[in-house]
Every structure is written in structure tokens, then in C-alpha cells.
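Asks: One file: coords07.txt (compact mmCIF, C-alpha atoms and all ligand atoms).
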# COMPACT_ATOMS: atom_id res chain seq x y z
CA MET A 1 87.98 135.16 102.36
CA ARG A 2 91.46 134.84 103.85
CA ARG A 3 94.23 132.93 102.12
CA LEU A 4 96.52 130.58 103.99
CA TYR A 5 99.97 129.44 102.89
CA VAL A 6 101.74 126.68 104.82
CA GLU A 7 105.28 125.49 104.15
CA THR A 8 106.13 122.10 105.67
CA TYR A 9 109.50 120.73 106.77
CA GLY A 10 110.47 117.44 108.38
CA CYS A 11 108.70 114.13 108.80
CA GLN A 12 105.33 112.71 107.69
CA MET A 13 103.91 113.70 111.07
CA ASN A 14 104.40 117.32 110.07
CA VAL A 15 102.83 116.67 106.65
CA ALA A 16 99.80 115.20 108.45
CA ASP A 17 99.74 118.15 110.87
CA THR A 18 99.74 120.57 107.93
CA ASP A 19 96.61 118.82 106.58
CA LEU A 20 95.15 119.20 110.05
CA ILE A 21 95.96 122.94 110.09
CA PHE A 22 94.31 123.35 106.68
CA GLY A 23 91.28 121.43 107.98
CA LEU A 24 91.13 123.52 111.12
CA LEU A 25 91.55 126.91 109.45
CA GLY A 26 89.37 125.80 106.51
CA ARG A 27 86.52 125.57 109.03
CA ASP A 28 87.30 129.14 109.93
CA GLY A 29 86.90 130.38 106.35
CA PHE A 30 90.50 130.17 105.12
CA VAL A 31 91.32 128.91 101.64
CA MET A 32 94.66 127.40 100.67
CA THR A 33 97.11 129.20 98.46
CA LYS A 34 100.33 127.86 97.02
CA SER A 35 101.94 131.30 96.75
CA PRO A 36 103.17 133.18 99.81
CA GLU A 37 102.79 136.47 97.95
CA ASP A 38 98.99 135.91 97.77
CA ALA A 39 98.65 134.83 101.39
CA ASP A 40 97.14 136.73 104.30
CA VAL A 41 98.56 134.18 106.71
CA MET A 42 101.87 132.35 106.20
CA LEU A 43 102.82 129.49 108.49
CA VAL A 44 106.08 127.55 108.49
CA ASN A 45 105.62 124.06 109.96
CA THR A 46 109.06 123.27 111.28
CA CYS A 47 111.38 120.41 112.21
CA ALA A 48 113.91 120.52 115.06
CA VAL A 49 115.63 117.18 114.57
CA ARG A 50 118.84 118.57 113.06
CA ASP A 51 120.57 121.90 113.36
CA ASN A 52 120.81 122.40 109.59
CA ALA A 53 117.01 121.95 109.32
CA GLU A 54 116.59 124.80 111.81
CA GLN A 55 119.14 127.02 110.05
CA ARG A 56 117.28 126.50 106.79
CA ILE A 57 114.03 127.52 108.47
CA TYR A 58 115.59 130.73 109.83
CA GLY A 59 116.64 131.54 106.26
CA ARG A 60 113.21 130.77 104.86
CA VAL A 61 111.34 132.78 107.52
CA GLY A 62 113.65 135.69 106.63
CA GLU A 63 112.69 135.35 102.96
CA LEU A 64 108.96 135.21 103.70
CA LYS A 65 109.20 138.61 105.38
CA ARG A 66 109.19 140.30 101.95
CA HIS A 67 105.69 138.88 101.23
CA LYS A 68 104.28 140.21 104.49
CA ARG A 69 102.00 143.19 103.97
CA LYS A 70 100.40 145.27 106.71
CA GLY A 71 97.89 143.10 108.58
CA ASP A 72 99.35 139.84 107.27
CA VAL A 73 100.42 137.19 109.77
CA LEU A 74 103.62 135.13 109.76
CA GLY A 75 103.80 132.19 112.17
CA VAL A 76 106.26 129.46 113.04
CA VAL A 77 104.59 126.22 114.14
CA GLY A 78 105.77 122.64 114.79
CA CYS A 79 108.78 121.22 116.57
CA MET A 80 111.18 124.15 116.26
CA ALA A 81 108.44 126.45 117.59
CA GLN A 82 107.97 124.08 120.51
CA ARG A 83 111.69 123.86 121.21
CA LEU A 84 112.43 127.59 121.15
CA GLY A 85 109.11 129.08 122.27
CA ALA A 86 109.23 132.76 123.16
CA ASP A 87 112.91 132.88 122.18
CA LEU A 88 111.84 132.70 118.56
CA LEU A 89 109.69 135.81 118.93
CA ASN A 90 112.68 137.64 120.38
CA ARG A 91 115.04 136.40 117.69
CA ILE A 92 112.76 137.13 114.71
CA PRO A 93 110.85 140.40 115.13
CA HIS A 94 108.63 139.90 112.06
CA VAL A 95 107.22 136.60 113.39
CA ASP A 96 103.77 137.03 114.99
CA LEU A 97 103.03 133.51 116.25
CA VAL A 98 104.96 130.63 117.72
CA VAL A 99 102.78 127.54 118.19
CA GLY A 100 103.80 123.99 119.11
CA PRO A 101 102.17 120.78 117.80
CA ASP A 102 99.62 120.66 120.65
CA GLY A 103 98.47 124.26 120.16
CA TYR A 104 96.91 124.25 116.67
CA ARG A 105 93.37 124.41 118.01
CA ALA A 106 94.12 127.98 119.16
CA LEU A 107 95.36 129.09 115.72
CA PRO A 108 92.14 130.84 114.58
CA GLU A 109 92.10 132.93 117.76
CA LEU A 110 95.85 133.63 117.74
CA ILE A 111 95.75 134.63 114.06
CA HIS A 112 92.86 136.96 114.81
CA ARG A 113 94.86 138.60 117.58
CA ALA A 114 98.00 138.77 115.45
CA THR A 115 96.06 140.64 112.77
CA ALA A 116 95.41 143.25 115.44
CA GLY A 117 99.12 143.39 116.25
CA GLU A 118 99.32 141.01 119.23
CA ARG A 119 102.19 138.54 119.11
CA SER A 120 101.67 135.16 120.88
CA VAL A 121 103.27 131.92 121.92
CA ASP A 122 101.52 128.62 122.68
CA VAL A 123 103.89 125.78 123.47
CA ASP A 124 102.06 124.00 126.29
CA PHE A 125 101.82 120.22 126.08
CA LYS A 126 98.22 119.03 126.07
CA SER A 127 98.15 115.34 126.77
CA TRP A 128 94.48 115.09 125.81
CA GLU A 129 94.90 116.71 122.40
CA HIS A 130 94.21 114.44 119.42
CA TYR A 131 92.22 116.96 117.33
CA GLU A 132 89.40 114.41 117.14
CA ASP A 133 86.80 116.84 115.88
CA VAL A 134 89.01 118.32 113.14
CA PRO A 135 88.89 116.42 109.85
CA PRO A 136 92.24 116.92 108.10
CA ALA A 137 92.02 118.56 104.68
CA GLN A 138 92.00 116.07 101.81
CA ASP A 139 92.96 116.83 98.25
CA GLY A 140 91.49 113.83 96.46
CA ARG A 141 94.59 111.62 96.73
CA ALA A 142 94.09 107.85 97.06
CA SER A 143 96.64 107.80 99.86
CA ALA A 144 96.41 109.51 103.24
CA PHE A 145 98.30 109.78 106.52
CA VAL A 146 96.43 109.03 109.74
CA THR A 147 98.09 110.07 112.99
CA VAL A 148 97.33 107.39 115.60
CA GLN A 149 99.75 108.39 118.33
CA ARG A 150 101.47 111.61 119.38
CA GLY A 151 104.64 112.05 121.45
CA CYS A 152 107.29 109.54 122.50
CA ASN A 153 108.17 107.73 125.73
CA TYR A 154 111.57 106.52 124.57
CA ARG A 155 114.47 108.76 125.49
CA CYS A 156 117.05 108.13 122.78
CA THR A 157 119.91 110.35 123.86
CA PHE A 158 120.31 112.11 120.49
CA CYS A 159 116.66 112.90 119.96
CA ILE A 160 114.80 116.15 120.59
CA VAL A 161 111.35 114.67 119.82
CA PRO A 162 110.37 113.81 123.44
CA MET A 163 111.04 117.49 124.23
CA THR A 164 109.08 118.85 121.25
CA ARG A 165 106.18 116.42 121.11
CA GLY A 166 105.84 115.39 124.74
CA PRO A 167 104.90 112.01 126.19
CA GLU A 168 103.34 109.27 124.10
CA ARG A 169 99.57 109.00 123.92
CA SER A 170 97.43 106.96 121.56
CA ARG A 171 94.06 107.77 120.03
CA LYS A 172 91.03 105.62 120.68
CA LEU A 173 90.70 102.87 118.11
CA ILE A 174 87.13 103.86 117.36
CA ASP A 175 88.23 107.43 116.52
CA VAL A 176 90.95 106.19 114.17
CA ILE A 177 88.47 103.91 112.42
CA ARG A 178 85.98 106.75 112.07
CA GLU A 179 88.68 108.86 110.40
CA VAL A 180 89.68 106.01 108.07
CA GLU A 181 86.05 105.44 107.07
CA GLN A 182 85.67 109.13 106.38
CA LEU A 183 88.82 109.05 104.21
CA VAL A 184 87.45 106.07 102.27
CA SER A 185 84.33 108.09 101.52
CA THR A 186 86.57 110.68 99.79
CA GLY A 187 88.30 108.06 97.62
CA VAL A 188 91.22 107.03 99.85
CA THR A 189 92.25 103.38 99.51
CA GLU A 190 95.69 103.46 101.16
CA VAL A 191 96.46 104.76 104.65
CA THR A 192 99.75 105.22 106.44
CA LEU A 193 99.36 105.08 110.23
CA LEU A 194 101.69 107.57 111.88
CA GLY A 195 103.28 107.64 115.29
CA GLN A 196 106.71 108.37 116.71
CA THR A 197 106.98 104.71 117.73
CA VAL A 198 103.79 103.68 116.02
CA ASN A 199 103.85 99.99 116.96
CA SER A 200 103.89 100.86 120.67
CA TYR A 201 100.35 102.20 120.07
CA HIS A 202 98.22 101.31 123.08
CA ASN A 203 95.16 103.21 124.20
CA GLY A 204 94.63 101.27 127.42
CA THR A 205 92.38 98.75 125.71
CA HIS A 206 93.70 98.10 122.22
CA ASP A 207 97.24 97.58 120.99
CA PHE A 208 98.83 98.00 117.57
CA ALA A 209 97.85 94.48 116.49
CA ASP A 210 94.19 95.35 117.16
CA LEU A 211 94.64 98.59 115.25
CA LEU A 212 96.12 96.87 112.18
CA ARG A 213 93.30 94.36 112.13
CA ALA A 214 90.63 97.04 112.53
CA VAL A 215 92.05 99.43 109.92
CA GLY A 216 92.71 96.56 107.49
CA GLY A 217 89.08 95.52 107.98
CA VAL A 218 87.59 98.86 106.90
CA ASP A 219 85.66 98.38 103.66
CA GLY A 220 87.46 100.11 100.81
CA ILE A 221 90.93 100.05 102.41
CA ARG A 222 93.28 98.16 100.16
CA ARG A 223 96.66 99.05 101.64
CA VAL A 224 97.80 99.75 105.21
CA ARG A 225 101.27 101.14 105.92
CA PHE A 226 102.74 102.45 109.16
CA THR A 227 105.74 104.50 110.22
CA SER A 228 107.98 104.63 112.18
CA PRO A 229 108.06 101.53 114.36
CA HIS A 230 110.55 100.81 117.14
CA PRO A 231 112.30 97.41 116.90
CA ASN A 232 111.36 96.58 120.51
CA ASP A 233 107.63 96.91 119.89
CA PHE A 234 107.18 94.16 117.30
CA THR A 235 105.34 91.80 119.63
CA PRO A 236 104.25 88.35 118.41
CA ALA A 237 100.69 89.71 118.19
CA VAL A 238 101.79 92.60 115.93
CA LEU A 239 103.78 90.26 113.66
CA GLU A 240 100.80 87.92 113.47
CA ALA A 241 98.48 90.76 112.50
CA MET A 242 100.94 91.93 109.83
CA ALA A 243 100.99 88.43 108.36
CA ASP A 244 97.22 87.91 108.63
CA VAL A 245 95.79 91.21 107.39
CA PRO A 246 95.89 91.21 103.58
CA GLY A 247 96.03 95.00 103.37
CA VAL A 248 99.22 95.39 105.44
CA CYS A 249 101.97 96.16 102.95
CA GLU A 250 105.26 94.28 102.78
CA HIS A 251 107.42 97.21 103.80
CA VAL A 252 108.73 98.43 107.10
CA HIS A 253 110.90 101.44 107.84
CA LEU A 254 112.85 100.15 110.84
CA PRO A 255 115.23 102.75 112.30
CA MET A 256 118.56 101.09 113.15
CA GLN A 257 120.67 104.20 113.93
CA SER A 258 123.90 102.20 114.43
CA GLY A 259 125.22 98.69 113.94
CA SER A 260 127.47 98.86 116.99
CA SER A 261 126.04 97.63 120.30
CA ARG A 262 128.38 100.03 122.12
CA VAL A 263 126.98 103.04 120.24
CA LEU A 264 123.40 101.79 120.50
CA LYS A 265 123.85 101.68 124.27
CA ARG A 266 125.10 105.27 124.32
CA MET A 267 122.15 106.23 122.16
CA LEU A 268 119.83 104.47 124.66
CA ARG A 269 118.10 102.68 121.81
CA ARG A 270 117.24 99.77 124.15
CA TYR A 271 118.32 97.04 121.70
CA ASP A 272 121.75 95.84 120.62
CA ARG A 273 123.07 94.64 117.28
CA ASP A 274 121.78 91.09 117.84
CA GLY A 275 118.40 92.38 119.00
CA TYR A 276 118.05 94.38 115.78
CA ILE A 277 119.00 91.36 113.64
CA ASP A 278 116.52 89.24 115.58
CA CYS A 279 113.77 91.75 114.86
CA VAL A 280 114.59 91.71 111.13
CA GLU A 281 114.52 87.91 111.10
CA ARG A 282 111.15 87.79 112.85
CA LEU A 283 109.75 90.31 110.35
CA ARG A 284 111.02 88.19 107.46
CA VAL A 285 109.46 85.04 108.92
CA ALA A 286 106.13 86.86 109.29
CA MET A 287 106.33 88.45 105.82
CA PRO A 288 108.90 86.78 103.59
CA GLU A 289 108.62 89.42 100.84
CA ILE A 290 109.06 92.37 103.19
CA ALA A 291 111.27 95.28 102.09
CA ILE A 292 113.17 96.95 104.92
CA THR A 293 114.46 100.51 104.96
CA THR A 294 116.10 102.34 107.82
CA ASP A 295 117.61 105.47 109.40
CA ILE A 296 121.28 105.55 110.33
CA ILE A 297 123.31 108.17 112.20
CA VAL A 298 127.10 108.36 111.82
CA GLY A 299 129.50 110.30 114.01
CA PHE A 300 127.58 109.87 117.28
CA PRO A 301 129.87 110.87 120.19
CA GLY A 302 132.38 108.14 120.89
CA GLU A 303 131.85 106.32 117.57
CA THR A 304 135.15 104.72 116.58
CA GLU A 305 136.17 103.46 113.16
CA GLU A 306 135.47 99.97 114.46
CA ASP A 307 131.94 100.98 115.50
CA PHE A 308 131.39 102.50 112.08
CA LEU A 309 132.57 99.33 110.33
CA GLU A 310 129.98 97.42 112.38
CA THR A 311 127.30 99.77 111.04
CA GLU A 312 128.48 99.18 107.47
CA SER A 313 128.54 95.43 108.04
CA LEU A 314 125.02 95.44 109.47
CA VAL A 315 123.80 97.23 106.33
CA ARG A 316 125.21 94.31 104.32
CA THR A 317 123.87 91.68 106.74
CA VAL A 318 120.32 93.04 106.73
CA ARG A 319 120.43 93.92 103.00
CA PHE A 320 118.38 97.09 103.39
CA ASP A 321 116.25 98.24 100.51
CA GLY A 322 117.21 101.82 101.29
CA ALA A 323 118.32 104.08 104.13
CA PHE A 324 118.19 107.69 105.22
CA THR A 325 121.68 108.45 106.46
CA PHE A 326 122.65 111.41 108.63
CA LYS A 327 125.63 112.95 110.33
CA TYR A 328 124.96 113.29 114.05
CA SER A 329 123.65 116.75 114.90
CA VAL A 330 123.94 117.89 118.49
CA ARG A 331 120.66 119.25 119.88
CA ASP A 332 120.55 121.41 122.99
CA GLY A 333 118.36 119.83 125.64
CA THR A 334 119.10 116.22 124.65
CA PRO A 335 121.06 113.90 126.98
CA ALA A 336 123.74 113.33 124.30
CA VAL A 337 124.94 116.92 124.77
CA LYS A 338 126.74 115.68 127.88
CA ILE A 339 128.49 112.79 126.13
CA LYS A 340 132.13 113.62 125.48
CA ASP A 341 134.35 112.24 122.68
CA HIS A 342 132.91 114.22 119.83
CA VAL A 343 133.74 112.87 116.41
CA ALA A 344 135.45 115.45 114.20
CA ASP A 345 133.18 116.78 111.48
CA ASP A 346 135.48 115.74 108.62
CA VAL A 347 135.69 112.20 110.05
CA ALA A 348 131.89 111.99 110.33
CA GLY A 349 131.54 113.41 106.80
CA GLU A 350 133.91 110.83 105.37
CA ARG A 351 132.07 108.00 107.16
CA LEU A 352 128.78 109.30 105.83
CA GLU A 353 130.09 109.17 102.26
CA ARG A 354 131.28 105.60 102.71
CA LEU A 355 127.96 104.61 104.26
CA ILE A 356 125.94 106.17 101.44
CA ALA A 357 128.03 104.22 98.90
CA THR A 358 127.45 100.95 100.81
CA VAL A 359 123.69 101.56 101.16
CA ARG A 360 123.43 102.33 97.43
CA GLN A 361 125.38 99.27 96.44
CA VAL A 362 123.29 96.96 98.66
CA ALA A 363 119.99 98.47 97.46
CA ARG A 364 121.06 98.36 93.82
CA THR A 365 121.92 94.66 94.04
CA LYS A 366 118.51 93.90 95.53
CA ASN A 367 116.67 96.07 93.03
CA VAL A 368 118.48 94.67 89.98
CA GLY A 369 117.32 91.24 91.17
CA LEU A 370 113.70 92.43 90.95
CA VAL A 371 113.86 93.42 87.28
CA GLY A 372 111.57 91.14 85.30
CA SER A 373 109.13 90.56 88.18
CA THR A 374 105.52 91.75 88.26
CA HIS A 375 104.00 93.84 91.09
CA GLU A 376 100.77 95.55 92.00
CA VAL A 377 101.24 99.32 92.06
CA LEU A 378 99.12 102.24 93.14
CA VAL A 379 99.43 105.09 90.63
CA GLU A 380 100.17 108.19 92.71
CA LYS A 381 100.78 111.18 90.46
CA GLN A 382 102.44 112.46 87.34
CA ALA A 383 106.19 112.02 87.53
CA ARG A 384 108.38 115.07 87.33
CA ARG A 385 110.07 113.56 84.32
CA GLY A 386 108.30 113.65 80.94
CA GLU A 387 104.93 112.07 80.40
CA LEU A 388 105.38 109.30 82.91
CA LEU A 389 103.27 108.42 85.95
CA GLN A 390 104.73 107.66 89.38
CA SER A 391 103.45 104.53 91.06
CA ARG A 392 104.41 102.50 94.13
CA THR A 393 104.55 98.79 94.89
CA ARG A 394 103.37 97.31 98.16
CA THR A 395 107.06 97.03 99.03
CA ASN A 396 107.36 100.83 98.62
CA LYS A 397 109.39 100.74 95.41
CA VAL A 398 108.77 103.69 93.09
CA VAL A 399 107.96 102.63 89.52
CA LEU A 400 107.63 105.04 86.59
CA ILE A 401 105.18 103.89 83.95
CA GLU A 402 103.64 105.24 80.76
CA GLY A 403 99.94 105.95 81.07
CA LEU A 404 97.17 108.52 81.09
CA PRO A 405 96.69 110.80 84.12
CA THR A 406 93.21 109.28 84.47
CA LEU A 407 94.98 106.26 85.98
CA ILE A 408 96.07 108.25 89.04
CA GLY A 409 94.52 106.60 92.09
CA SER A 410 94.11 103.21 90.42
CA TYR A 411 95.85 99.88 90.98
CA LEU A 412 97.67 98.14 88.14
CA HIS A 413 99.99 95.24 87.64
CA VAL A 414 103.34 96.29 86.24
CA ARG A 415 106.36 94.41 85.03
CA LEU A 416 109.61 95.97 86.23
CA ASN A 417 111.78 96.61 83.16
CA GLY A 418 114.77 98.43 84.58
CA THR A 419 116.16 100.25 87.60
CA THR A 420 118.40 103.20 88.28
CA GLY A 421 119.38 101.36 91.44
CA SER A 422 116.70 103.02 93.53
CA THR A 423 113.66 103.64 91.29
CA PHE A 424 112.24 101.47 88.52
CA THR A 425 110.70 101.79 85.10
CA GLY A 426 107.87 99.42 84.35
CA THR A 427 105.05 98.60 81.96
CA SER A 428 101.41 97.87 82.54
CA THR A 429 99.43 96.21 79.78
CA ALA A 430 96.24 97.95 80.94
CA ALA A 431 97.89 101.39 80.93
CA ARG A 432 99.35 100.77 77.45
CA ARG A 433 95.98 99.64 76.14
CA GLU A 434 94.36 102.89 77.29
CA LEU A 435 97.15 104.95 75.75
CA ALA A 436 96.71 103.12 72.44
CA VAL A 437 92.96 103.84 72.46
CA VAL A 438 93.57 107.57 72.94
CA GLY A 439 96.48 107.96 70.78
S1 LIG A 501 112.09 106.48 119.66
FE1 LIG A 501 113.96 107.63 120.06
S2 LIG A 501 114.47 108.50 118.02
FE2 LIG A 501 112.32 107.88 117.91
S3 LIG A 501 111.17 109.75 118.46
FE3 LIG A 501 111.43 108.55 120.36
S4 LIG A 501 113.29 109.39 121.32
FE4 LIG A 501 113.29 110.04 119.16
In C-alpha cells, write the structure found in this file.

Replies:
Amino acid sequence: MRRLYVETYGCQMNVADTDLIFGLLGRDGFVMTKSPEDADVMLVNTCAVRDNAEQRIYGRVGELKRHKRKGDVLGVVGCMAQRLGADLLNRIPHVDLVVGPDGYRALPELIHRATAGERSVDVDFKSWEHYEDVPPAQDGRASAFVTVQRGCNYRCTFCIVPMTRGPERSRKLIDVIREVEQLVSTGVTEVTLLGQTVNSYHNGTHDFADLLRAVGGVDGIRRVRFTSPHPNDFTPAVLEAMADVPGVCEHVHLPMQSGSSRVLKRMLRRYDRDGYIDCVERLRVAMPEIAITTDIIVGFPGETEEDFLETESLVRTVRFDGAFTFKYSVRDGTPAVKIKDHVADDVAGERLERLIATVRQVARTKNVGLVGSTHEVLVEKQARRGELLQSRTRTNKVVLIEGLPTLIGSYLHVRLNGTTGSTFTGTSTAARRELAVVG
């Protein structure tokens, strides 16, 4: 019995790919371990989106070397592996494997060869690869990711993803449904559909609206989420499906990146400020209760103070429920490398701080307004803090409640009692009743 340790960095797509790797190598007799020191094979599933993510991975791969005994295998997989390919083998002599997101099917064979001392690289794009016959590993959670699309056909000038994940391709609807049904049979009631621009899903026959309707129609599925959509791909049919399908949750993570049309044009985002606002308005007409979160980059080449103020003002106009905010990170191989007018690091850092403060203030105001209301939550896990349980509303708000761990995986109604500004505390009568019985 060989033990496999996988460390995952980056987006939900990588988290889903790690489950896929466990599923794939589980078939080959591997069992999971949470400790690298016990592992026969250690894989680091990497992200290439920002330079500091890559630097962190170099550091971590260096640390893992001390757990590597004779015959053990250390591999780098994922987007950084895809981006650097054979270069990584040259740069890090104790790495045995470098495998991109389309090469996981070869892992059993490559690991076998690495055990015998052969180092390998597999970073070919395989447009047909959807890993249809590999059921991702499941650990009994009520919530699961389902990858419905791989790659990206947009060419945002700052983004390395089209280079690391290749062109967009969508799975067949019937295969997605089969996977969702299989997940339901293991106790899953909530799925998050994943794709780089998930709402551009189209397999030649069915579009994203069809997919939402079909997934929402699977018996046993109570919640459907998706991430990340592109603002340009919210067609009337998709909005209609979101409004019609009861399972589709009232939350969308809608990357904005900038509030300045001038910067958006340089980013090649293919919408301008007004186009983004229009998309938000259409989403709110379709789903009046919808919570909207976003991604924003500051310090993109050429961004002026005026551009930045437009970003800040758009945060206030949209009233985001939350945002992931980043300082622009130049990535070799992206078109933005050629754009001059770099913003000084201290200027970008200062803008980032201001933006974070604005995002927090806007989110806090919205969240304070929710205190006193009642929501359905899915209980996800024990919270890190004390005896509490972590749960999530349909609008993706995290609510900490008192209750027994037996409630994990169940749906409750909770009253929101307070907020830190981002997360909530709440009470559920049903959870309290159970606690009282036990205690
Ligand atoms: S839409 Fe743009 S930012 Fe998103 S993955 Fe594609 S290229 Fe990158």
C-alpha cells in the first residue's frame, strides 16, 4: 500500500483536480495521508496566477525535500508545472515529476518510473481530456465541486490561465449529470459547477442555461452554485434559468478587475464600466436577493489615480458583498508584459490598502443590515473557533452557530444575531433543541 500526500494551492479548480488525482491514484492502490513524512509520493498542485504564489511553492517544494526518502517521489503538478515544464526539473533537482493539468491520467505510470529513478515531464495540452472515467475522491461532505469546463478562450492580457490550461472545452451534459447523480448517491446535496468562464459552457449542443436546469433537476440536489462566470456570458437564457431553477443559489462571484473602462480595455476584458454595471443590474432583476462578490486588480500598467478612484467608486456603486483584491503581478508569457507605464510597487500597495478598506466598509454596511433576518444554511463543518459549527447561507454568507457535530451536512434555518463585518453568528432553534437534549 503506497501513501499519497497532495498539497493544493490556488483556485477551486485545483481543489477539484486534487480530488481527481486522489480518485485516479486511489484506483491504483494509493491511500491518502495528511502527513508528508508518511508519504511515499508527495505532489504539490500549483498555481501560476501570481509571482508570489510561485515563490511560495518553490519554498514549500524545498521544505518537502527533507521528507523524501530513497524511492519516494516528489512531483509538481498543476499550472506552475504547465508554465515552466522541463525548466522546473532543471531548477529543482529533487523534483521527479512535472505534470500539467491535462496529464494526470499518466501519473500512475510516471510515478512508477520515478520510483525507478526516471524523471519525467508531461505538459502537453489534450483537448479531449475531461477525465470522464475517473470518479473524483469524495470524503463524505455534503458539498462537492464539479468541473464542467476546462481551459479559457478569453485572452485577458494579465492572465496566464490560457497558457496553463489551454483552450476552452466543455464536458457533455450527460457526463456532468452522471457525475452529479453519483455524488448524490454519496450524500452530496450541494454542487459548485467549475469552469474558467463557467457560464460560457457550451458543448456544441447544450449551453449553460441547459446545464443549470439539468443539474438543478437532479433528485437530491438542493443547491447549485457556479464559479467563475464572465460578465459577457450572462445571456437572457442563463439569467432565466437562474431565476427559474429553485436550487440555483443567490450568489455570484463576478470578476470585475477594474472600474475604469480605460484599464478594462488594456486588460482586454471585453466589457467596460457601463457593461459591468448593466450585467449587475440584469442579475439583480433576475434574482433580487443575489449577493455579488468579485475580484479586483490594482496597479495594472497605466492605471492612474483617476482610474483607481473609478474602481473604488464602482465598488460603492455595485455594493459588493465581498472582494478578493490583488496587486497586479506581471507574468512572463502574458500580453501585458509588453504594456509600458508600470505602476510603482509602493503606489500599487497604497491603492490596495485603500481598496481593501473600501471593500470592507461596503460589505460591513450590507452585512449589518442583514442582522435580525432568517436564512437557510447548510452546516459545513466544525468551526476553528470553540465549539461552534460553520454554516453557509444560499447567498454564501458564513454563519457560526452552536450545535452538535451530527448536524454537519444538514440544512437549518438560522437567525443572524451579529456580524464581524464579514462573517455572522446565528442561532437555530432546531440546533439548540438538540444541544439541550444532550446536555
Ligand atoms: S477570462 Fe480572462 S482572467 Fe479569466 S481565466 Fe480567462 S483569460 Fe484569465

Asks: Excluding Thr393 in chain A and any residue of its chain fewer than 5 positions from it, enumerate the residues within 10 Å of it, using all atoms listed in the file, and give them as a PyMOL selection string.

Replies: chain A and resi 249-251+374-379+398-399+411-414

Asks: Could you list, as a PyMOL selection string, all protein and nucleic acid residues with an atom at most 6 Å from ligand LIG 501 (chain A), counting all atoms listed in the file?

Replies: chain A and resi 152+154-156+159+161-162+196-197

Asks: Identify which of the residues A:Gly217, A:Gly26, A:Gly10, A:Gly259 lies closest to Val44 in chain A, counting only C-alpha atoms when measuring atom-to-atom distances.

Replies: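 With only C-alpha atoms as the atom set, the closest residue is A:Gly10.
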
Asks: Excluding Gln390 in chain A and its own-chain neighbours fewer than 3 positions away, which residues fall within 12 Å of it when counting only C-alpha atoms? Please give them as a ChimeraX atom specification.

Replies: /A:377-387,393,396-405,407-412,414,423-427

Asks: Kindly give the distance, in Å, that separates CA of Asp28 in chain A and CA of Arg178 in chain A, rounded to a single decimal.

Replies: 22.5 Å
